[in-house]
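Let me begin by presenting the structure, written as structure tokens, before commenting on it.
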Amino acid sequence: MTIQFLGKTLKNPIVLASGILGNSRDILERVYENGCGLVTMKSIGPESRDGHKNPTVIDLGHGMINAVGLPSPGYLNMGNEWDDLEKRDFPLIASIYGGAVREYQMVAEYVSLRKPDFIEINISCPNSEKHGMIFGVNPQSSHDVVSAVKKAINVPLIVKLTPQALDIGDIARSCEDAGADAICAINTVGPGMVIDIESRIPVLAFKKGGLSGPMIKPVAIRCVFDIYKAVTIPIIGLGGITTGEDAIEMMMAGASLVGIGSAVRYRGIDVFQKVVDEMEAWLSTHNYSIEDIKGAAHKEES
Amino acid sequence: MNTITDQKHIMLKIEEKQVESREFATLFFNYALPFKPGQFIMVWIPGIDEKPYTISYHEKDRFAITIEAKGIFSQKAVTLEKGDLIGIRGPFGNGFDIKSDTAVAVIAGGCGMAPLATLVEKLDKNIIFIHGARSKEYILYPDRFDNERLFCTDDGSFGRKGLVTELLENEITLGKHFDMVYTCGPEIMMHAVFNICEKYHIPCQVSLERYMRCGFGVCGACVCGKQVVCKDGPVFASSALRDIKDFNTKALLKSGKDVDLSQYFSWRCK
């Protein structure tokens, strides 16, 4: 199921979502060996940050809630990992975040020199007081951060969006106008909250957290559908994708590649190969190619 | 009653508290928790934090965790009393692969005794059971088991003065044959046990520890080489250990930064 994406050849359209198992070269390589076509590092920030106290991640059965809080060694404290990653033989997205346009630009400029295949800017994380999401809900702010980062790097730029935007198509369009090469959608939904009724306090230490997993899939499908209508650049669609049929549905909404994250909880670390196999089986049963299904749900409208 | 235990916390009241020594306390709960020796649960003290703990006593309708007062969380945990509320989720991880014959050695170091306790209770009475600690007050459950136990301490205040690895190698050179060695304790000790096992071609199972968040293999906080400790482990067999290049060398801090193990443990024990 080889596929072309922004000038690179990927073995299949399945992507490891940022924030899942992305902590080291070794584990990223294992995910790649388990059938994933493109892997994403955990978001890298401007300085060392521990993230929140536990509880940070809770499975709710139909999905998860998390507020890990963007832990990062900081982009300048990852020497060993960067050295390891430069010797990789798998395609890599480096995800980055910042608290201001200048911080995004500073991190991106350095990260670009360490030669990831793509840089993804996370302008959509709900789990920090000052980072991320603020940029993803306003078209002008998105434009500012994307154009600043684009100037500082020499690898293709992916922008990760939040479903909290009033009109996610609008945000995607302003990112495209500012020079984004692709859109990744969606980050977690919410934020939501779970209260423990015995102790009468929110379960997550950060109180609020982003929702992921099967319960958010319809939101993700709708967002990708809206983005596909608004832009011409490719989309990495994700949010609750757990099976091959979920991935087919996401491609029909308009995704070129499909991300997987929480499904590692529900189907194991080999979920990537399972989803690829299921996609191939479905396509072969229906005698379709990948190109036949991409954006297929829009055909009625044109 | 809620039968799913590995999602949102099950809230339980402490039924009984047993003070083991100045360093250790055991908290008992009346709850039927499915569990295999070597697995762990995430323990939440509302408003404080949540940490992984092994189950140290396990019966049909009752279980316990044993806490060594070391950091902010554990120092709070040992002050809890009967009736106080905590949350648990789990159990997570794989647990020990249990061999029931007698040609087995169990090697415990310090609080590494806690995860091995329920294992020992499932093994034959005639195993070789070696238990070491810094000094007498760090010997956990000195009177708990039916098995004969060889004790040692760094300062000689209880049992022999010396290391568990010396006692293990002594048994082997005296001609004792082992089909399996189980160990839990400081990583440097487990690595030394593993090396002895490799030298004498004995299969070994080791329980690793890393900083954890989710407990079920998605967040990546606890990765060790290519292994996810909370999900693929925490128990690893020799075949896996040989390929874990971070075993006894590196671990990730809370920020995700990889550091030498000594730096990791000085942070963990704060």
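Scheme for the structure tokens: letters A, B, ... for chains in order shown; per-chain residue numbers from 1; ligand numbers from 1 in order shown.
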Residues of range 237-267 of chain A at most 12 Å from range 210-233 of chain B: nearest atom pair and distance in Å, only C-alpha atoms, as a Markdown table:
| residue | atom | partner | partner_atom | distance |
| --- | --- | --- | --- | --- |
| A:Ile260 | CA | B:Val218 | CA | 11.1 |
| A:Gly261 | CA | B:Val218 | CA | 7.7 |
| A:Ser262 | CA | B:Val218 | CA | 6.9 |
| A:Ala263 | CA | B:Val218 | CA | 8.7 |
| A:Val264 | CA | B:Val218 | CA | 6.2 |
| A:Arg265 | CA | B:Val218 | CA | 6.1 |
| A:Tyr266 | CA | B:Phe216 | CA | 9.6 |
| A:Arg267 | CA | B:Gly217 | CA | 10.8 |
Checklist entry - Could you write out as a PyMOL selection string the residues of chain A within 9 Å of chain B, counting only C-alpha atoms? => result chain A and resi 19-30+42+48-51+53-61+64+66+68+70-74+77-78+80-81+194+196+198-199+201-203+205+261-265+268-269
Item to check | All residues 12 Å or closer to range 156-162 of chain B, only C-alpha atoms, same chain fewer than 2 positions away omitted, as a list in words | outcome: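 These residues fall inside the cut-off: Gly109, Ile130, His131, Gly132, Ala133, Arg134, Ser135, Lys136, Glu137, Tyr138, Ile139, Leu140, Pro142, Arg149, Leu150, Phe151, Cys152, Thr153, Asp154, Val164, Thr165, Glu166, Leu167, Leu168 and Asn170 of chain B.
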Item to check | Straight-line distance linking CA of Tyr288 in chain A with CA of Ser256 in chain A, stated in Å to one decimal | outcome: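 Taking CA of Tyr288 in chain A and CA of Ser256 in chain A, their separation equals 15.3 Å.
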Next on the checklist: To one decimal place in Å, what is the distance between CA of Asp146 in chain B and CA of His201 in chain B?
Outcome noted: 28.7 Å
Next on the checklist: According to DSSP computed on the backbone, where in range 31-189 of chain A is there strand (DSSP E)? Give the residues as a count of residues only.
Outcome noted: 28
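For Ser100 in chain B, the residues within 12 Å (counting only C-alpha atoms, excluding itself and residues fewer than 2 positions away along the chain) are B:Phe96, B:Asp97, B:Ile98, B:Thr102, B:Ala103, B:Val104, B:Ala105, B:Leu119, B:Val120, B:Glu121, B:Lys122, B:Leu123, B:Asp124, B:Lys125, B:Asn126, B:Ile127, B:Asp179, B:Met180.
Residues of range 197-259 of chain A assigned to alpha helix (DSSP H) by DSSP on this structure's backbone: Lys217, Pro218, Val219, Ala220, Ile221, Arg222, Cys223, Val224, Phe225, Asp226, Ile227, Tyr228, Lys229, Ala230, Gly244, Glu245, Asp246, Ala247, Ile248, Glu249, Met250, Met251, Met252 and Ala253 of chain A.
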Checklist entry - Do you have the CA of Phe28 in chain B-CA of Ile197 in chain A distance handy? => result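 So the two atoms, CA of Phe28 in chain B and CA of Ile197 in chain A, lie 22.0 Å apart.
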Item to check | All residues 8 Å or closer to Cys269 in chain B, only C-alpha atoms, same chain fewer than 4 positions away omitted, as a ChimeraX atom specification | outcome: /B:70-71,265
Limited to C-alpha atoms, could you put the picked residues into a file as a tab-separated table (two decimals), in the first residue's frame?
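Writing the result to part-v6.tsv gives the following:
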chain	number	residue	atom	x	y	z
B	70	LYS	CA	10.73	7.47	50.35
B	71	GLY	CA	9.19	10.35	48.39
B	265	PHE	CA	17.20	6.80	40.93
